[in-house]
file run_24.cif (mmCIF, C-alpha atoms and all ligand atoms)
data_structure
#
loop_
_atom_site.label_atom_id
_atom_site.label_comp_id
_atom_site.auth_asym_id
_atom_site.auth_seq_id
_atom_site.Cartn_x
_atom_site.Cartn_y
_atom_site.Cartn_z
CA MET E 3 0.00 0.00 0.00
CA LYS E 4 1.11 3.55 -0.75
CA LYS E 5 2.63 5.36 2.24
CA LEU E 6 0.05 7.68 3.80
CA ARG E 7 -0.16 10.54 6.25
CA VAL E 8 -2.58 9.22 8.81
CA LEU E 9 -4.11 11.51 11.43
CA VAL E 10 -5.30 9.36 14.33
CA VAL E 11 -8.11 11.19 16.13
CA LEU E 12 -9.00 9.97 19.62
CA HIS E 13 -10.02 11.11 23.09
CA PRO E 14 -7.01 12.49 25.03
CA ASP E 15 -7.40 9.66 27.58
CA GLN E 16 -6.87 7.17 24.75
CA ALA E 17 -3.60 8.77 23.62
CA PRO E 18 -0.87 6.16 24.07
CA PRO E 19 2.48 6.67 25.83
CA GLU E 20 5.73 6.36 23.84
CA SER E 21 6.34 2.86 25.10
CA ALA E 22 3.91 0.29 26.51
CA GLU E 23 6.55 -1.14 28.82
CA GLY E 24 5.99 -1.11 32.56
CA TYR E 25 2.20 -0.78 32.40
CA THR E 26 -0.22 -3.44 33.59
CA GLU E 27 -2.90 -4.78 31.28
CA GLN E 28 -5.49 -2.90 33.34
CA GLU E 29 -3.60 0.39 33.01
CA ALA E 30 -3.18 -0.07 29.27
CA LEU E 31 -6.93 -0.60 28.73
CA ALA E 32 -7.64 3.05 27.90
CA TRP E 33 -4.90 3.52 25.31
CA LYS E 34 -3.99 0.10 23.94
CA THR E 35 -6.04 0.56 20.76
CA GLY E 36 -4.32 3.86 19.99
CA TYR E 37 -1.01 2.24 20.79
CA ASP E 38 -1.59 -0.78 18.54
CA VAL E 39 -2.86 1.31 15.63
CA LEU E 40 -0.10 3.90 15.90
CA SER E 41 2.81 1.51 16.32
CA THR E 42 1.61 -0.87 13.61
CA LEU E 43 1.01 1.84 11.02
CA ARG E 44 4.37 3.45 11.80
CA ALA E 45 6.12 0.11 11.48
CA ALA E 46 4.43 -0.27 8.08
CA GLY E 47 6.08 2.98 6.97
CA HIS E 48 3.17 5.44 7.25
CA GLU E 49 3.52 8.88 8.77
CA VAL E 50 1.22 8.93 11.75
CA LYS E 51 0.19 11.78 13.97
CA VAL E 52 -2.10 11.61 17.01
CA LEU E 53 -4.66 14.28 17.80
CA GLY E 54 -6.54 14.23 21.10
CA VAL E 55 -10.04 15.63 20.67
CA GLN E 56 -12.61 16.31 23.36
CA ASP E 57 -14.83 19.25 22.49
CA GLU E 58 -13.14 21.28 19.75
CA LEU E 59 -13.54 20.84 16.00
CA LYS E 60 -11.09 23.52 14.98
CA PRO E 61 -7.92 21.54 15.74
CA ILE E 62 -9.17 18.68 13.54
CA ARG E 63 -9.56 20.95 10.57
CA ALA E 64 -6.34 22.85 11.26
CA GLU E 65 -4.34 19.64 11.51
CA ILE E 66 -5.84 18.15 8.36
CA GLU E 67 -5.06 21.30 6.39
CA SER E 68 -1.64 22.24 7.74
CA TRP E 69 -0.26 18.71 7.90
CA LYS E 70 -1.99 17.65 4.67
CA ALA E 71 -3.34 14.41 6.08
CA ASP E 72 -4.40 11.79 3.52
CA ILE E 73 -6.88 10.19 5.87
CA VAL E 74 -8.25 10.43 9.40
CA PHE E 75 -8.16 7.25 11.48
CA ASN E 76 -11.27 7.85 13.53
CA LEU E 77 -11.01 6.32 17.01
CA LEU E 78 -13.30 8.88 18.66
CA GLU E 79 -16.22 7.44 20.57
CA GLU E 80 -17.68 10.66 21.89
CA PHE E 81 -17.59 14.44 21.65
CA HIS E 82 -18.37 16.83 24.50
CA GLY E 83 -18.52 13.58 26.50
CA VAL E 84 -21.66 12.56 24.58
CA THR E 85 -21.45 9.16 22.86
CA THR E 86 -24.25 9.91 20.37
CA TYR E 87 -22.14 12.73 18.95
CA ASP E 88 -19.76 10.23 17.31
CA GLN E 89 -21.97 10.45 14.23
CA ASN E 90 -21.60 14.24 14.13
CA VAL E 91 -17.83 13.98 14.05
CA ALA E 92 -18.05 11.56 11.13
CA SER E 93 -20.43 14.04 9.45
CA TYR E 94 -17.92 16.83 9.98
CA LEU E 95 -15.16 14.77 8.36
CA GLU E 96 -17.50 13.96 5.51
CA LEU E 97 -18.19 17.68 4.96
CA LEU E 98 -14.47 18.42 5.05
CA ARG E 99 -14.13 15.84 2.28
CA ILE E 100 -11.30 14.14 4.04
CA PRO E 101 -11.29 10.34 3.84
CA TYR E 102 -11.82 8.73 7.24
CA THR E 103 -11.85 5.20 8.57
CA GLY E 104 -14.80 3.35 10.02
CA CYS E 105 -18.49 3.85 9.69
CA ASN E 106 -20.40 6.64 7.95
CA PRO E 107 -22.68 8.91 10.03
CA ARG E 108 -25.95 7.28 8.92
CA GLY E 109 -24.76 3.86 10.03
CA LEU E 110 -23.57 5.26 13.35
CA MET E 111 -26.96 6.80 13.96
CA LEU E 112 -29.04 3.77 12.98
CA ALA E 113 -26.93 1.40 15.03
CA ARG E 114 -26.81 3.60 18.12
CA GLY E 115 -30.44 3.38 19.11
CA LYS E 116 -30.91 -0.03 20.69
CA ASP E 117 -34.62 0.29 19.85
CA LEU E 118 -34.30 1.84 16.38
CA SER E 119 -31.91 -0.83 15.12
CA LYS E 120 -34.25 -3.57 16.34
CA LYS E 121 -37.27 -1.95 14.69
CA LEU E 122 -35.50 -1.81 11.35
CA LEU E 123 -34.31 -5.38 11.59
CA SER E 124 -37.63 -6.86 12.59
CA TYR E 125 -39.06 -5.44 9.34
CA HIS E 126 -36.62 -7.82 7.64
CA ARG E 127 -37.68 -10.67 9.94
CA ILE E 128 -34.34 -10.89 11.68
CA PRO E 129 -34.87 -12.29 15.18
CA VAL E 130 -34.64 -9.58 17.84
CA PRO E 131 -35.68 -9.72 21.51
CA ALA E 132 -39.05 -8.12 22.28
CA PHE E 133 -38.53 -4.78 23.99
CA ALA E 134 -40.08 -1.60 25.36
CA VAL E 135 -38.54 1.85 25.77
CA PHE E 136 -39.05 3.84 28.97
CA PRO E 137 -38.39 7.54 28.44
CA LYS E 138 -37.34 9.69 31.35
CA GLN E 139 -39.99 11.15 33.64
CA ARG E 140 -42.61 8.66 32.57
CA LYS E 141 -44.30 6.06 34.74
CA VAL E 142 -42.93 2.55 34.22
CA ARG E 143 -45.64 0.20 33.09
CA ARG E 144 -44.71 -3.12 31.50
CA PRO E 145 -46.66 -3.77 28.29
CA ARG E 146 -48.59 -7.02 28.50
CA ARG E 147 -46.83 -8.51 25.48
CA LEU E 148 -43.51 -8.30 27.31
CA GLY E 149 -42.88 -11.24 29.65
CA LEU E 150 -40.34 -11.53 32.45
CA PRO E 151 -37.39 -11.82 32.90
CA LEU E 152 -36.18 -8.67 31.17
CA ILE E 153 -32.81 -6.99 30.92
CA VAL E 154 -32.79 -3.22 31.47
CA LYS E 155 -30.19 -1.10 29.66
CA SER E 156 -29.52 2.43 28.53
CA GLN E 157 -31.22 3.09 25.21
CA SER E 158 -28.14 4.73 23.72
CA GLU E 159 -25.03 4.24 25.84
CA ASP E 160 -22.48 1.50 25.25
CA ALA E 161 -19.49 -0.06 27.02
CA SER E 162 -22.00 -1.79 29.34
CA LEU E 163 -22.59 1.48 31.17
CA GLY E 164 -25.23 0.71 33.79
CA ILE E 165 -25.15 -3.04 33.13
CA SER E 166 -24.64 -5.30 36.12
CA GLN E 167 -26.22 -8.45 37.54
CA ALA E 168 -29.10 -6.28 38.82
CA SER E 169 -29.96 -5.40 35.19
CA VAL E 170 -31.80 -8.69 34.77
CA VAL E 171 -35.15 -8.33 36.49
CA ASP E 172 -37.88 -10.87 37.19
CA THR E 173 -40.55 -8.72 38.89
CA ASP E 174 -42.31 -5.48 38.00
CA GLU E 175 -40.89 -3.84 41.12
CA LYS E 176 -37.34 -4.63 40.09
CA LEU E 177 -38.09 -3.45 36.56
CA ALA E 178 -39.27 -0.06 37.83
CA GLU E 179 -36.27 0.22 40.14
CA ARG E 180 -33.79 -0.55 37.41
CA VAL E 181 -35.42 1.78 34.87
CA THR E 182 -35.18 4.58 37.43
CA PHE E 183 -31.55 3.67 38.00
CA ILE E 184 -30.82 4.11 34.27
CA HIS E 185 -32.74 7.39 34.13
CA GLU E 186 -30.97 8.82 37.14
CA ARG E 187 -27.51 7.33 37.05
CA VAL E 188 -26.86 6.97 33.32
CA GLY E 189 -29.09 9.89 32.40
CA THR E 190 -30.74 8.40 29.29
CA ALA E 191 -33.97 6.66 28.39
CA ALA E 192 -34.05 2.96 29.28
CA ILE E 193 -34.84 -0.05 27.14
CA ALA E 194 -36.08 -3.30 28.67
CA GLU E 195 -35.54 -6.35 26.49
CA GLN E 196 -36.66 -9.92 26.72
CA TYR E 197 -33.74 -11.65 28.44
CA ILE E 198 -32.24 -14.23 26.08
CA GLU E 199 -30.60 -17.01 28.04
CA GLY E 200 -27.84 -18.47 25.94
CA ARG E 201 -24.42 -18.10 24.35
CA GLU E 202 -22.90 -14.74 23.50
CA LEU E 203 -21.60 -14.50 19.93
CA TYR E 204 -19.74 -11.70 18.16
CA VAL E 205 -19.32 -11.40 14.40
CA GLY E 206 -16.95 -8.94 12.76
CA VAL E 207 -17.61 -7.45 9.31
CA LEU E 208 -15.22 -5.60 7.00
CA GLY E 209 -16.36 -3.83 3.86
CA ASN E 210 -18.35 -1.07 2.24
CA ASP E 211 -20.20 -2.74 -0.62
CA ARG E 212 -18.71 -6.21 -0.65
CA LEU E 213 -18.73 -7.51 2.90
CA ARG E 214 -16.26 -9.89 4.46
CA VAL E 215 -17.73 -11.63 7.47
CA LEU E 216 -15.13 -12.80 9.99
CA PRO E 217 -15.29 -16.11 11.90
CA VAL E 218 -17.93 -16.26 14.63
CA TRP E 219 -16.42 -15.46 18.03
CA GLU E 220 -17.74 -16.26 21.49
CA LEU E 221 -17.47 -14.70 24.91
CA GLU E 222 -17.15 -17.56 27.37
CA PHE E 223 -18.19 -16.68 30.88
CA GLY E 224 -16.10 -19.33 32.63
CA ASN E 225 -17.09 -19.92 36.23
CA LEU E 226 -19.15 -16.94 37.32
CA ALA E 227 -20.54 -17.09 40.86
CA PRO E 228 -23.42 -19.59 41.07
CA GLY E 229 -26.76 -18.06 40.15
CA SER E 230 -25.19 -15.21 38.14
CA ASN E 231 -26.60 -14.28 34.78
CA ARG E 232 -24.12 -14.90 32.00
CA ILE E 233 -24.00 -11.37 30.59
CA ALA E 234 -21.25 -8.96 29.60
CA THR E 235 -21.41 -6.54 32.53
CA ALA E 236 -18.91 -3.70 32.75
CA ARG E 237 -16.93 -5.88 35.13
CA VAL E 238 -16.82 -8.80 32.71
CA LYS E 239 -15.60 -6.46 29.98
CA PHE E 240 -13.08 -4.27 31.77
CA ASP E 241 -11.88 -5.82 35.02
CA VAL E 242 -8.79 -7.82 34.07
CA LYS E 243 -8.35 -9.45 37.50
CA TYR E 244 -11.99 -10.51 37.58
CA GLN E 245 -11.65 -11.99 34.09
CA GLU E 246 -8.66 -14.03 35.21
CA ARG E 247 -10.32 -15.15 38.43
CA ARG E 248 -13.52 -16.22 36.72
CA GLY E 249 -11.96 -17.69 33.58
CA ILE E 250 -13.72 -15.26 31.23
CA LEU E 251 -12.31 -15.79 27.75
CA GLN E 252 -13.06 -15.02 24.15
CA GLY E 253 -12.35 -17.34 21.27
CA PRO E 254 -13.73 -18.91 18.10
CA ALA E 255 -17.15 -20.55 18.44
CA ASP E 256 -15.82 -23.73 16.85
CA ASP E 257 -18.58 -26.11 17.74
CA LEU E 258 -21.47 -24.44 15.88
CA ALA E 259 -23.19 -26.66 13.31
CA PRO E 260 -22.18 -25.61 9.77
CA GLU E 261 -25.77 -24.63 8.84
CA LEU E 262 -26.12 -22.46 11.92
CA ARG E 263 -22.76 -20.81 11.32
CA ALA E 264 -23.74 -20.08 7.71
CA ARG E 265 -27.08 -18.70 8.88
CA ILE E 266 -25.43 -16.38 11.39
CA LYS E 267 -23.05 -15.09 8.73
CA ARG E 268 -25.93 -14.48 6.32
CA ILE E 269 -27.93 -12.64 8.96
CA THR E 270 -24.85 -10.59 9.85
CA LYS E 271 -24.59 -9.36 6.25
CA ARG E 272 -28.26 -8.46 6.16
CA ILE E 273 -27.93 -6.55 9.41
CA SER E 274 -24.93 -4.60 8.09
CA ARG E 275 -26.83 -3.65 4.95
CA THR E 276 -30.05 -2.76 6.74
CA LEU E 277 -28.25 -0.51 9.21
CA GLU E 278 -26.09 1.00 6.42
CA LEU E 279 -22.88 0.09 8.18
CA ASP E 280 -19.57 0.33 6.34
CA GLY E 281 -15.88 0.24 7.18
CA TYR E 282 -15.63 -2.21 10.05
CA SER E 283 -18.20 -3.29 12.57
CA ARG E 284 -19.16 -6.05 14.94
CA ILE E 285 -22.62 -7.53 15.31
CA ASP E 286 -23.50 -9.12 18.67
CA PHE E 287 -25.95 -11.97 19.17
CA ARG E 288 -27.36 -14.16 21.89
CA LEU E 289 -27.84 -17.71 20.70
CA SER E 290 -30.81 -19.23 22.54
CA ALA E 291 -30.94 -22.86 23.59
CA ASP E 292 -33.26 -23.61 20.67
CA GLY E 293 -30.65 -22.30 18.22
CA ILE E 294 -32.05 -18.88 17.35
CA PRO E 295 -29.42 -16.15 16.99
CA TYR E 296 -31.09 -13.04 18.45
CA PHE E 297 -29.61 -9.72 17.40
CA ILE E 298 -28.51 -7.74 20.47
CA GLU E 299 -26.67 -4.79 19.04
CA ALA E 300 -24.53 -3.53 16.19
CA ASN E 301 -21.22 -1.90 16.98
CA PRO E 302 -19.89 0.24 14.16
CA ASN E 303 -16.23 1.16 14.81
CA PRO E 304 -15.78 -1.60 17.39
CA GLU E 305 -12.70 -2.14 19.52
CA ILE E 306 -9.75 -3.04 17.26
CA ALA E 307 -6.89 -3.50 19.71
CA LYS E 308 -4.67 -6.37 18.63
CA LEU E 309 -5.81 -8.86 21.26
CA GLU E 310 -9.53 -8.08 21.15
CA VAL E 311 -12.34 -9.94 19.39
CA PHE E 312 -12.30 -8.17 16.01
CA ALA E 313 -8.56 -8.38 15.35
CA GLU E 314 -8.31 -11.94 16.63
CA ALA E 315 -11.16 -13.07 14.39
CA ALA E 316 -9.51 -11.28 11.44
CA GLN E 317 -6.23 -12.99 12.25
CA GLN E 318 -7.95 -16.38 12.21
CA ASP E 319 -9.44 -15.47 8.86
CA GLY E 320 -5.94 -14.95 7.45
CA LEU E 321 -5.81 -11.19 7.94
CA ALA E 322 -2.79 -10.33 10.09
CA TYR E 323 -3.06 -7.16 12.16
CA PRO E 324 -1.16 -4.83 9.79
CA ASP E 325 -3.20 -6.14 6.84
CA MET E 326 -6.41 -5.61 8.77
CA LEU E 327 -5.48 -1.97 9.47
CA HIS E 328 -4.54 -1.50 5.82
CA ARG E 329 -7.89 -2.90 4.79
CA ILE E 330 -9.60 -0.40 7.13
CA LEU E 331 -7.62 2.46 5.59
CA THR E 332 -8.37 1.29 2.05
CA LEU E 333 -12.09 1.13 2.81
CA GLY E 334 -11.95 4.72 4.07
CA LEU E 335 -10.16 5.88 0.93
CA GLN E 336 -12.48 3.98 -1.40
CA ARG E 337 -15.62 5.41 0.17
CA ALA E 338 -14.29 8.94 -0.21
CA HIS E 339 -13.47 8.15 -3.81
CA SER E 340 -16.96 6.93 -4.61
CA ALA E 341 -18.74 9.82 -2.79
CA GLY E 342 -20.17 12.58 -4.93
N1 LIG Y 401 -31.75 -9.09 25.37
C1 LIG Y 401 -30.68 -9.59 25.98
N2 LIG Y 401 -30.68 -10.87 26.43
C2 LIG Y 401 -29.61 -11.39 27.08
N3 LIG Y 401 -28.50 -10.69 27.33
C3 LIG Y 401 -28.43 -9.41 26.92
C4 LIG Y 401 -29.51 -8.79 26.22
N4 LIG Y 401 -29.16 -7.52 25.95
C5 LIG Y 401 -27.92 -7.34 26.46
N5 LIG Y 401 -27.48 -8.49 27.04
C6 LIG Y 401 -26.20 -8.67 27.72
O1 LIG Y 401 -25.68 -7.41 28.13
C7 LIG Y 401 -24.49 -7.08 27.41
C8 LIG Y 401 -24.44 -5.60 27.07
O2 LIG Y 401 -25.57 -5.25 26.31
P1 LIG Y 401 -25.45 -4.37 25.01
O3 LIG Y 401 -26.80 -4.12 24.48
O4 LIG Y 401 -24.48 -5.00 24.09
O5 LIG Y 401 -24.89 -3.01 25.62
P2 LIG Y 401 -23.50 -2.25 25.38
O6 LIG Y 401 -23.74 -1.37 24.21
O7 LIG Y 401 -23.28 -1.51 26.64
O8 LIG Y 401 -22.44 -3.27 25.07
C9 LIG Y 401 -24.53 -7.98 26.20
O9 LIG Y 401 -23.22 -8.19 25.70
C10 LIG Y 401 -25.16 -9.24 26.76
O10 LIG Y 401 -24.25 -10.01 27.50
MG MG Y 402 -22.48 -4.62 23.59
#
call {"tool": "encode", "arguments": {"input": "run_24.cif", "output": "structure tokens", "more": "lines below"}}
Ligand SMILES: Nc1ncnc2c1ncn2[C@@H]1O[C@H](COP(=O)(O)OP(=O)(O)O)[C@@H](O)[C@H]1O
Ligand SMILES: [Mg+2]
result
Amino acid sequence: MKKLRVLVVLHPDQAPPESAEGYTEQEALAWKTGYDVLSTLRAAGHEVKVLGVQDELKPIRAEIESWKADIVFNLLEEFHGVTTYDQNVASYLELLRIPYTGCNPRGLMLARGKDLSKKLLSYHRIPVPAFAVFPKQRKVRRPRRLGLPLIVKSQSEDASLGISQASVVDTDEKLAERVTFIHERVGTAAIAEQYIEGRELYVGVLGNDRLRVLPVWELEFGNLAPGSNRIATARVKFDVKYQERRGILQGPADDLAPELRARIKRITKRISRTLELDGYSRIDFRLSADGIPYFIEANPNPEIAKLEVFAEAAQQDGLAYPDMLHRILTLGLQRAHSAG
């Protein structure tokens, strides 16, 4: 690939140190993606510059123009501390006519709403859990069609914000309590979804028009405390010691029947198209005991640190880490090329 000037845009907390040496895995959590992307692209001969962005657009534009960046590597997940503003940053880059990696703003918007994405997909008869949205300052009444147990989440936040064992509720009292918790502590509307007992599967996708679906990956919950729900709480995702203690691992879901695997991959493509995702994304499912893969959420611009699900699945599919990053850059350049 031609050598590029790549401007990596991320939150200042994600900006990596010069060297990763001497840090624990837990300490590196915030910046390891930036570190992996930066060091790998530099090793591949690209010129790479990092720009920390929190609530100012001007530096993005100034840096693109003065440094003559070829492409922005977009690792931003929020702006002004608001996660739903990620789409606005992508829109801004689009208006600047600078190629950028990852998903386009429409895809970011459609995927963000945990209710909106499910409405769109159920039109295409893709299995989704039944759900109800509880806006703020509204009385919590469970619709009759919605049985218990339910899982209560933020309608728009990610990173398992507000998700713990108490999120799974089996009475109306607990439902009301947990909805209030989301309203007050996370500060967004809440969504309560039919709780799907089962396996947790992740499927990576690379592509704009032609989609490459990566091998199906699984989060294995190991030996959680007896009686715990097997869900990806914030602790399961981000507490390294807890993961080690409980044997929480991710790896290929090797034992799926070939027809089921093919079905999941087909559904994944349809989901990507329906939600207008491009670049790279990861679709998450819960596979119920009777073999139905329920769509849980779509993650455009998912985590791409070297040892996380997406990159590991790409590696197993024959795409080594530098090649995967090159593919992501190429997709950004191609989209800009085909835009009006
Ligand atoms: N309907 C559901 N049934 C069973 N488990 C769920 C359901 N929705 C979410 N979960 C569990 O909670 C985790 C986080 O939910 P998710 O919607 O992916 O939120 P986030 O965007 O914070 O990752 C999932 O990875 C899964 O383990
Ligand atoms: Mg998730």
call {"tool": "residues_near_ligand", "arguments": {"input": "run_24.cif", "ligand": "ligand LIG 401 (chain Y)", "cutoff": "7 Å", "atoms": "only C-alpha atoms and all ligand atoms", "output": "PyMOL selection string"}}
result
chain E and resi 116+131+153+155+159-163+165+195-199+202+232-235+286+288+298-299
call {"tool": "closest_residue", "arguments": {"input": "run_24.cif", "among": "E:Leu77, E:Ala307, E:Val205, E:Ala291", "to": "ligand MG 402 (chain Y)", "atoms": "only C-alpha atoms and all ligand atoms"}}
result
E:Val205
call {"tool": "residues_around", "arguments": {"input": "run_24.cif", "residues": "range 323-338 of chain E", "least_positions_apart": "5", "cutoff": "8 Å", "atoms": "all atoms listed in the file", "output": "number ranges by chain"}}
result
E: 3, 39, 42-43, 46, 73, 75, 99-104, 208-210, 281-282, 308, 313, 316-317
call {"tool": "write_last_selection", "arguments": {"input": "run_24.cif", "atoms": "C-alpha atoms", "output": "PDB file, keeping the file's coordinate frame"}}
result
ATOM      1  CA  MET E   3       0.000   0.000   0.000  1.00  0.00           C
ATOM      2  CA  VAL E  39      -2.860   1.310  15.630  1.00  0.00           C
ATOM      3  CA  THR E  42       1.610  -0.870  13.610  1.00  0.00           C
ATOM      4  CA  LEU E  43       1.010   1.840  11.020  1.00  0.00           C
ATOM      5  CA  ALA E  46       4.430  -0.270   8.080  1.00  0.00           C
ATOM      6  CA  ILE E  73      -6.880  10.190   5.870  1.00  0.00           C
ATOM      7  CA  PHE E  75      -8.160   7.250  11.480  1.00  0.00           C
ATOM      8  CA  ARG E  99     -14.130  15.840   2.280  1.00  0.00           C
ATOM      9  CA  ILE E 100     -11.300  14.140   4.040  1.00  0.00           C
ATOM     10  CA  PRO E 101     -11.290  10.340   3.840  1.00  0.00           C
ATOM     11  CA  TYR E 102     -11.820   8.730   7.240  1.00  0.00           C
ATOM     12  CA  THR E 103     -11.850   5.200   8.570  1.00  0.00           C
ATOM     13  CA  GLY E 104     -14.800   3.350  10.020  1.00  0.00           C
ATOM     14  CA  LEU E 208     -15.220  -5.600   7.000  1.00  0.00           C
ATOM     15  CA  GLY E 209     -16.360  -3.830   3.860  1.00  0.00           C
ATOM     16  CA  ASN E 210     -18.350  -1.070   2.240  1.00  0.00           C
ATOM     17  CA  GLY E 281     -15.880   0.240   7.180  1.00  0.00           C
ATOM     18  CA  TYR E 282     -15.630  -2.210  10.050  1.00  0.00           C
ATOM     19  CA  LYS E 308      -4.670  -6.370  18.630  1.00  0.00           C
ATOM     20  CA  ALA E 313      -8.560  -8.380  15.350  1.00  0.00           C
ATOM     21  CA  ALA E 316      -9.510 -11.280  11.440  1.00  0.00           C
ATOM     22  CA  GLN E 317      -6.230 -12.990  12.250  1.00  0.00           C
TER      23      GLN E 317
END
call {"tool": "closest_residue", "arguments": {"input": "run_24.cif", "among": "E:Thr85, E:Ser119, E:Ser21, E:Asn301", "to": "ligand MG 402 (chain Y)", "atoms": "all atoms listed in the file"}}
result
E:Asn301
call {"tool": "residues_around", "arguments": {"input": "run_24.cif", "residues": "range 222-228 of chain E", "least_positions_apart": "6", "cutoff": "8 Å", "atoms": "all atoms listed in the file", "output": "list in words"}}
result
Arg201, Glu202, Arg248, Gly249, Ile250, Leu251, Gln252 and Gly253 of chain E
call {"tool": "closest_residue", "arguments": {"input": "run_24.cif", "among": "E:Tyr204, E:Tyr87, E:Tyr94, E:Trp33", "to": "ligand MG 402 (chain Y)", "atoms": "all atoms listed in the file"}}
result
E:Tyr204
call {"tool": "atom_distance", "arguments": {"input": "run_24.cif", "atom1": "CA of Leu98 in chain E", "atom2": "CA of Glu278 in chain E"}}
result
21.0 Å
call {"tool": "closest_residue", "arguments": {"input": "run_24.cif", "among": "E:Arg147, E:His126, E:Arg114, E:Arg187", "to": "ligand MG 402 (chain Y)", "atoms": "only C-alpha atoms and all ligand atoms"}}
result
E:Arg114
call {"tool": "closest_residue", "arguments": {"input": "run_24.cif", "among": "E:Pro217, E:Gly83, E:Gly164, E:Pro260", "to": "ligand MG 402 (chain Y)", "atoms": "all atoms listed in the file"}}
result
E:Gly164
call {"tool": "axis_aligned_box", "arguments": {"input": "run_24.cif", "around": "range 12-25 of chain E", "padding_each_side": "8 Å", "output": "AutoDock Vina command-line options"}}
result
--center_x -1.7 --center_y 5.7 --center_z 26.1 --size_x 32.6 --size_y 29.6 --size_z 28.9
call {"tool": "closest_residue", "arguments": {"input": "run_24.cif", "among": "E:Thr26, E:Ser283, E:Gln139, E:Gln16", "to": "ligand MG 402 (chain Y)", "atoms": "only C-alpha atoms and all ligand atoms"}}
result
E:Ser283
call {"tool": "residues_around", "arguments": {"input": "run_24.cif", "residues": "Thr173 in chain E", "least_positions_apart": "2", "cutoff": "9 Å", "atoms": "all atoms listed in the file", "output": "PDB file with C-alpha atoms, keeping the file's coordinate frame"}}
result
ATOM      1  CA  LEU E 150     -40.340 -11.530  32.450  1.00  0.00           C
ATOM      2  CA  PRO E 151     -37.390 -11.820  32.900  1.00  0.00           C
ATOM      3  CA  LEU E 152     -36.180  -8.670  31.170  1.00  0.00           C
ATOM      4  CA  VAL E 171     -35.150  -8.330  36.490  1.00  0.00           C
ATOM      5  CA  GLU E 175     -40.890  -3.840  41.120  1.00  0.00           C
ATOM      6  CA  LYS E 176     -37.340  -4.630  40.090  1.00  0.00           C
ATOM      7  CA  LEU E 177     -38.090  -3.450  36.560  1.00  0.00           C
ATOM      8  CA  ALA E 178     -39.270  -0.060  37.830  1.00  0.00           C
TER       9      ALA E 178
END
call {"tool": "residues_around", "arguments": {"input": "run_24.cif", "residues": "Val130 in chain E", "least_positions_apart": "6", "cutoff": "9 Å", "atoms": "all atoms listed in the file", "output": "PyMOL selection string"}}
result
chain E and resi 120-121+123-124+295-298
call {"tool": "residues_around", "arguments": {"input": "run_24.cif", "residues": "Pro14 in chain E", "least_positions_apart": "5", "cutoff": "8 Å", "atoms": "all atoms listed in the file", "output": "PyMOL selection string"}}
result
chain E and resi 53-56
call {"tool": "atom_distance", "arguments": {"input": "run_24.cif", "atom1": "CA of Asp211 in chain E", "atom2": "CA of Leu78 in chain E"}}
result
23.5 Å
call {"tool": "atom_distance", "arguments": {"input": "run_24.cif", "atom1": "CA of Val8 in chain E", "atom2": "CA of Gly24 in chain E"}}
result
27.3 Å
call {"tool": "residues_near_point", "arguments": {"input": "run_24.cif", "point": "(-1.0, 7.4, 1.1)", "cutoff": "8 Å", "atoms": "only C-alpha atoms", "output": "MDAnalysis selection string"}}
result
chainID E and resid 3:7 48 72
call {"tool": "build_atoms", "arguments": {"input": "run_24.cif", "residues": "range 265-275 of chain E", "atoms": "N, CA and C atoms", "output": "PDB file, in the frame of the given file"}}
result
ATOM      1  N   ARG E 265     -25.895 -19.537   8.665  1.00  0.00           N
ATOM      2  CA  ARG E 265     -27.080 -18.700   8.880  1.00  0.00           C
ATOM      3  C   ARG E 265     -26.690 -17.414   9.608  1.00  0.00           C
ATOM      4  N   ILE E 266     -25.873 -17.559  10.629  1.00  0.00           N
ATOM      5  CA  ILE E 266     -25.430 -16.380  11.390  1.00  0.00           C
ATOM      6  C   ILE E 266     -24.671 -15.420  10.486  1.00  0.00           C
ATOM      7  N   LYS E 267     -23.830 -15.960   9.629  1.00  0.00           N
ATOM      8  CA  LYS E 267     -23.050 -15.090   8.730  1.00  0.00           C
ATOM      9  C   LYS E 267     -23.966 -14.373   7.739  1.00  0.00           C
ATOM     10  N   ARG E 268     -24.966 -15.089   7.258  1.00  0.00           N
ATOM     11  CA  ARG E 268     -25.930 -14.480   6.320  1.00  0.00           C
ATOM     12  C   ARG E 268     -26.700 -13.360   7.002  1.00  0.00           C
ATOM     13  N   ILE E 269     -27.180 -13.653   8.213  1.00  0.00           N
ATOM     14  CA  ILE E 269     -27.930 -12.640   8.960  1.00  0.00           C
ATOM     15  C   ILE E 269     -27.045 -11.429   9.230  1.00  0.00           C
ATOM     16  N   THR E 270     -25.784 -11.682   9.554  1.00  0.00           N
ATOM     17  CA  THR E 270     -24.850 -10.590   9.850  1.00  0.00           C
ATOM     18  C   THR E 270     -24.749  -9.639   8.648  1.00  0.00           C
ATOM     19  N   LYS E 271     -24.653 -10.204   7.456  1.00  0.00           N
ATOM     20  CA  LYS E 271     -24.590  -9.360   6.250  1.00  0.00           C
ATOM     21  C   LYS E 271     -25.859  -8.539   6.089  1.00  0.00           C
ATOM     22  N   ARG E 272     -26.990  -9.192   6.318  1.00  0.00           N
ATOM     23  CA  ARG E 272     -28.260  -8.460   6.160  1.00  0.00           C
ATOM     24  C   ARG E 272     -28.375  -7.344   7.175  1.00  0.00           C
ATOM     25  N   ILE E 273     -27.893  -7.596   8.372  1.00  0.00           N
ATOM     26  CA  ILE E 273     -27.930  -6.550   9.410  1.00  0.00           C
ATOM     27  C   ILE E 273     -27.050  -5.374   8.986  1.00  0.00           C
ATOM     28  N   SER E 274     -25.845  -5.673   8.513  1.00  0.00           N
ATOM     29  CA  SER E 274     -24.930  -4.600   8.090  1.00  0.00           C
ATOM     30  C   SER E 274     -25.566  -3.741   7.015  1.00  0.00           C
ATOM     31  N   ARG E 275     -26.224  -4.396   6.060  1.00  0.00           N
ATOM     32  CA  ARG E 275     -26.830  -3.650   4.950  1.00  0.00           C
ATOM     33  C   ARG E 275     -28.015  -2.832   5.448  1.00  0.00           C
TER      34      ARG E 275
END
